[in-house]
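For reference, the structure discussed in these notes is given below.
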Amino acid sequence: MSTAEATATAQARAPGSRIKSSSPRQIPVVGVVTEDEEAQGVFKPMDLNHVIKLLEETGKDDLEEKQLKSVKKMVQCYQNGLPLRDLAQIFKILNLCAGKIKKQPHFIEPAYNILKLCGLPFLKKKVSDEITYAEDTANSIALLGDLMIIPSSELRIQICKCIIDIYHAEPPKKHITGYQQASSSYKIKMAEVGGLAKTMVQSLVLVENQLVEKLWVLKTLQHLSASEVNCTLMVKAQAASGICAHLNDPDPSGQLLFRSSEILWNLLEKSSKEEIIQQLSNLECLLALKKAFKNLFTRGLSHYDRQLRNDILVITTIISQNPGAPMIECGFTRDLILFATFNEVKSQNPLVKGLKFSNSYEDFELKKLLFNIIVTFCKDLSTIQLLIDGKVILALFTYVKKPEKHKIVEWSAAQYEELQLHAIATLSSVAPFLIDEYMLYQGNAHVLAFLEWCDSEDSFFSHGNSFHGTGGRGNKFAQMRYSLRLLRAMVYLEHETINKDLCEKRAIQQLIGIFKNTISKYNDKEEAILLEIQSDILLILSGLCEHHIPRKEIFGTEGVDIILHVMKTDPKKLQSGLGYNVLLFSTLDSIWCCILGCYPSEDYFLEKEGIFLLLDLMALNQKKFCNLILGIMVEFCDNPKTAAHVNAWRGKKDQTAASLLIKLWRKEEKDLGVKRDKHGKIVDTKKPLFTSFQEEQKITPLPANCPTIAVMDVAENIRAKIYAVLGKLDFENLPGLSAEDFVTLCIIHRYLDFKVQATHKQRELANKSWENFLARTSNVKTLKKAKRLQEKGIESSRYSEHPPNAIFHRTDIKGLNTTVPSGGVVTVESTPARLVGGPLADTDIALKKLPIRGGALQRVKALKTVNEPEKSIPT
């Protein structure tokens with residue numbers, strides 16, 4: 001088949017059909033367009049330069065008619081798409097037509113028709129055309145935004161339609177042989193490169209008073225904001241503040257508010273959130289958001305209105321994270337607190353009179369969003385009084401109670417459970433800032449009563465929905481988990497009124513009982529949640545008992561038993577990732593806070609082999625536990641019964657406690673880079689404890705309230721604690737030590753001496769300085785030598801060349817026989833007693849008029865008081 005026959009066959013077949021070959025393999029037929037075929041009308045050639053030249057001409061009578069005719073012919077030529085190679089010329093023609101509209105209104109129609117072409121596919125003849133004509137394409141598309149300045153509603157709307165078509169590319173109306181459609185993402189990318197989004201934002205000012213045009217521009221920006229690049233350009237053009245400020249402009253259709261909120265959402269998601277928040281954190285934008293939200297909250301009835309209301313609240317919540325946003329000044333904070341609490345705390349405010357929540361999904365989401373924004377508000381101390389006035393704590397505590405059957409009207413059982421958990425989680429954030437309110441509404445009593453219900457055998461089938469209800473299906477673990485979080489947050493404030501009130505309400509005994517019940521209710525499915533509950537209970541008990549011996553006594557043997565139970569956990573579970581590590585840390589903290597210092601509890605802990613369990617944990621060789629365990633061991637060793645338990649312990653391969661401690665010392669020194677030989681002996685006798693970290697550490701100035709590096713060294717590494725434990729064991733009669741252990745033990749024994757190596761060095765330097773001073777004062781040769789060295793040092797510190805016209809001052813004094821440089825401190829001897837009369841003399845000389853004499857003041861007999869008549873003093 002010839003080339004011409006193949007082309008004819010390709011033209012004859014229907015678009016999209018395939019040519020079947022008689023051979024087994026199907027070979028694709030590639031159509032080649034010749035100049036003859038173009039002449040026949042497949043794609044009519046057009047001299048665009050002639051059209052441009054014609055449009056640029058002026059002054060002829062029939063010129064307008066010719067120009068309009070040539071543009072119309074061009075439009076007909078490109079009905080199936082715009083080749084990339086012709087794009088720059090076509091858009092130049094469009095620009096020329098647009099420029100004539102003001103004086104020649106007839107050019108509106110051709111400009112409109114060319115704009116319609118711009119929505120058609122872009123065509124490429126070669127694969128490389130997309131790269132070759134990329135700059136022309138980007139500049140051409142960017143021109144669309146510039147043309148919005150034309151005061152023609154018809155053209156502006158068509159420009160918007162054209163841009164929207166970029167994001168909804170359609171296949172060409174007719175297949176043109178030899179051309180392919182440019183990739184769907186090509187036009188979008190070129191729109192980004194050309195900066196179209198920025199000019200479209202700027203065009204909002206031009207259509208501010210034309211609602212239809214404004215809605216088309218917003219629809220265009222809605223499509224453009226789907227791209228991160230465009231969002232960045234829009235942010236630079238202040239799109240967020242410009243759009244938000246006009247949210248409430250008159251619009252019967254409701255599209256303005258919907259499209260504006262969608263654009264704001266996209267900007268927040270796809271560009272710098274901080275920049276968007278900054279643009280929206282002004283009084284004008286917040287007043288607009290406030291008005292829109294209030295209208296939708298009080299008057300919005302449709303599903304669409306409620307969705308839009310929630311979207312605006314989310315945007316507001318994000319803005320409220322900025323402390324500089326004038327949320328309080330515009331009254332938005334007060335209104336949102338009212339909306340969040342009016343259902344629980346009855347209000348006479350006309351804004352919420354007659355309002356009720358339905359159990360629709362949108363209202364349910366709104367309630368949770370209002371809880372969220374309260375958490376944001378409490379981080380700003382200036383809103384605390386508003387939260388108090390709004391009785392937020394009272395409103396939230398209405399959920400901290402046992403669900404009453406047949407009493408839930410607004411919400412379904414599943415919804416109420418989720419709101420209950422959300423409210424308790426909100427209390428954990430808000431209550432620590434409102435301590436007085438928490439105590440006023442008996443917060444501790446509410447929480448402890450709710451915990452009692454959580455721990456009871458009362459039949460309750462929770463739904464376990466949502467993030468807060470995770471793992472709580474069919475049980476009350478989720479409610480217990482969040483109640484304990486609230487209690488932990490309050491105890492950690494270390495507010496004595498709160499902690500005392502809890503202890504008076506028997507919280508310690510109740511929490512120990514709950515812990516025991518969680519052991520009996522162990523469930524593999526909820527293992528992680530149970531571990532978190534147990535950890536929180538131990539942390540609360542630690543916070544209550546620390547520094548209070550009577551409370552430690554209440555903790556007593558029952559509390560020690562639950563600690564011992566945790567310490568007997570299989571060590572393999574520590575690597576499970578479920579939370580056993582956290583529980584063990586909480587347990588060690590409880591030993592420190594709830595047992596140490598209370599001798600009956602200490603003795604019981606020892607009797608139950610608690611020291612053995614601590615040493616077993618330390619033998620696991622996990623550094624994260626060793627430091628804390630050693631600290632506990634140091635305190636326990638104050639108890640005279642502890643030493644026998646330590647010496648009696650045996651680990652794997654009959655390892656003793658002393659051997660374990662010495663082994664940990666060696667490992668610590670190896671990690672720190674301390675220099676030791678193969679037998680463990682000291683290599684650098686001048687710096688026996690010096691670490692590689694200290695060697696690399698540079699001298700850095702620290703504030704007065706910051707601990708020094710030396711103090712941090714003792715606090716962070718475990719050598720000081722090992723020294724303290726072995727010191728309590730007297731460093732003698734330690735069983736199970738090898739020869740290397742004895743060498744290391746000697747170093748440990750001299751730990752304190754080695755730590756003050758620096759003190760000895762300073763003393764040596766001081767002694768040497770004194771010896772040098774004595775040598776200079778008793779030996780002339782030494783004095784002259786020191787003088788020469790001093791002069792040499794002074795000379796070497798001077799500039800070799802002096803600037804012209806500079807005044808040179810000598811720093812040395814001729815004939816001065818001293819080699820001690822003068823310092824910044826001058827010692828002045830006291831005035832001799834013969835001049836002031838001794839310590840018992842009348843020193844109130846400020847009330848006396850003393851005669852002026854040369855030299856120092858001297859005591860005289862004749863004195864006159866101030867109240868005597870003044871006499872003129874001769875000059």
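Ligands are numbered from 1 in the order shown, chains are lettered A, B, ... in the order of the structure tokens, and residues start at 1 in each chain.
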| For Ala340 in chain A: contacts at 8 Å, only C-alpha atoms, fewer than 2 positions along chain excluded, given as a VMD selection string | chain A and resid 336 to 338 342 to 343 367 370 to 371
| message | I want to know what sits within 12 Å of Asp730 in chain A, based on only C-alpha atoms, with residues of the same chain fewer than 2 positions away left out; could you give that as JSON, numbers by chain? | response | {"A": [637, 643, 647, 658, 723, 724, 725, 726, 727, 728, 732, 733, 734, 745, 748, 749]}
| said: Please identify the alpha helix (DSSP H) residues within range 245-322 of chain A (assignment by DSSP from backbone atoms) and present them as a PyMOL selection string. | reply: chain A and resi 255-270+273-280+283-299+303-319
| said: Residues near Leu427 in chain A, anyone? I mean within 12 Å using only C-alpha atoms, not counting same-chain ones fewer than 2 positions away, as a PyMOL selection string. | reply: chain A and resi 371-372+374-375+378+392-400+420-425+429-435+437-438+443+447+482-490
Write the residues of the preceding selection, restricted to C-alpha atoms, as a PDB file, in the first residue's frame.
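again.pdb written:
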ATOM      1  CA  PHE A 371     -15.273  21.107  72.148  1.00  0.00           C
ATOM      2  CA  ASN A 372     -12.119  21.325  70.043  1.00  0.00           C
ATOM      3  CA  ILE A 374     -12.561  25.350  73.629  1.00  0.00           C
ATOM      4  CA  VAL A 375      -9.291  23.436  73.968  1.00  0.00           C
ATOM      5  CA  CYS A 378      -7.726  27.661  76.979  1.00  0.00           C
ATOM      6  CA  VAL A 392     -17.493  25.751  80.590  1.00  0.00           C
ATOM      7  CA  ILE A 393     -16.331  23.446  83.410  1.00  0.00           C
ATOM      8  CA  LEU A 394     -19.922  22.971  84.622  1.00  0.00           C
ATOM      9  CA  ALA A 395     -21.091  22.236  81.085  1.00  0.00           C
ATOM     10  CA  LEU A 396     -18.389  19.633  80.507  1.00  0.00           C
ATOM     11  CA  PHE A 397     -18.977  17.940  83.866  1.00  0.00           C
ATOM     12  CA  THR A 398     -22.568  17.210  82.841  1.00  0.00           C
ATOM     13  CA  TYR A 399     -21.068  14.388  80.758  1.00  0.00           C
ATOM     14  CA  VAL A 400     -18.941  12.941  83.594  1.00  0.00           C
ATOM     15  CA  GLN A 420     -18.931  11.959  76.783  1.00  0.00           C
ATOM     16  CA  LEU A 421     -15.396  10.788  76.008  1.00  0.00           C
ATOM     17  CA  HIS A 422     -14.706  13.960  74.034  1.00  0.00           C
ATOM     18  CA  ALA A 423     -15.926  16.118  76.926  1.00  0.00           C
ATOM     19  CA  ILE A 424     -13.685  14.319  79.445  1.00  0.00           C
ATOM     20  CA  ALA A 425     -10.716  14.710  77.071  1.00  0.00           C
ATOM     21  CA  SER A 429      -6.935  20.337  78.753  1.00  0.00           C
ATOM     22  CA  VAL A 430      -9.200  23.018  80.215  1.00  0.00           C
ATOM     23  CA  ALA A 431      -9.516  22.136  83.923  1.00  0.00           C
ATOM     24  CA  PRO A 432      -5.813  22.717  84.792  1.00  0.00           C
ATOM     25  CA  PHE A 433      -6.318  26.376  83.799  1.00  0.00           C
ATOM     26  CA  LEU A 434      -9.543  26.715  85.812  1.00  0.00           C
ATOM     27  CA  ILE A 435      -8.603  25.233  89.186  1.00  0.00           C
ATOM     28  CA  GLU A 437     -13.914  26.378  88.910  1.00  0.00           C
ATOM     29  CA  TYR A 438     -12.877  22.733  89.073  1.00  0.00           C
ATOM     30  CA  GLY A 443     -14.513  18.060  90.163  1.00  0.00           C
ATOM     31  CA  VAL A 447     -14.323  12.009  88.630  1.00  0.00           C
ATOM     32  CA  TYR A 482      -9.943   9.333  79.891  1.00  0.00           C
ATOM     33  CA  SER A 483     -11.078   9.862  83.487  1.00  0.00           C
ATOM     34  CA  LEU A 484      -7.626   8.817  84.714  1.00  0.00           C
ATOM     35  CA  ARG A 485      -6.016  11.181  82.209  1.00  0.00           C
ATOM     36  CA  LEU A 486      -8.090  14.003  83.673  1.00  0.00           C
ATOM     37  CA  LEU A 487      -7.117  13.029  87.220  1.00  0.00           C
ATOM     38  CA  ARG A 488      -3.443  12.762  86.244  1.00  0.00           C
ATOM     39  CA  ALA A 489      -3.529  16.242  84.686  1.00  0.00           C
ATOM     40  CA  MET A 490      -4.936  17.716  87.907  1.00  0.00           C
TER      41      MET A 490
END
| request: Would you list the contacts of range 517-521 of chain A as a ChimeraX atom specification, taking every protein, DNA or RNA residue within 9 Å and counting only C-alpha atoms, but skipping same-chain residues closer than 3 positions in sequence? | output: /A:455,512-514,530,533-534
| message | Which residues are near Ile149 in chain A? Cut-off 10 Å, only C-alpha atoms, ignore same chain within fewer than 4 positions. Put them as an NGL selection string. | response | :A and (98 or 144-145 or 155-156 or 202-203 or 206-207)
Could the residues in this selection be written to a file with C-alpha atoms, as a PDB file, in the first residue's frame?
ATOM      1  CA  ALA A  98      -9.036  43.255  23.042  1.00  0.00           C
ATOM      2  CA  LEU A 144      -6.052  35.349  29.943  1.00  0.00           C
ATOM      3  CA  GLY A 145      -5.714  36.817  33.427  1.00  0.00           C
ATOM      4  CA  LEU A 155     -15.638  38.477  27.873  1.00  0.00           C
ATOM      5  CA  ARG A 156     -14.803  38.101  31.548  1.00  0.00           C
ATOM      6  CA  GLN A 202      -6.070  40.461  41.510  1.00  0.00           C
ATOM      7  CA  SER A 203      -9.063  40.580  39.156  1.00  0.00           C
ATOM      8  CA  LEU A 206     -12.407  44.548  39.198  1.00  0.00           C
ATOM      9  CA  VAL A 207     -15.604  42.491  39.642  1.00  0.00           C
TER      10      VAL A 207
END
| All residues 9 Å or closer to Asn266 in chain A, only C-alpha atoms, same chain fewer than 4 positions away omitted, as a VMD selection string | chain A and resid 222 225 to 228 231 261 to 262 270 to 271
| query | Which residue, A:Ser382, A:Asn523, A:Gln655, A:Gln307, has the smallest gap to Met327 in chain A when you use only C-alpha atoms? | reply |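 Of the candidates, the smallest distance to Met327 in chain A is held by A:Ser382.
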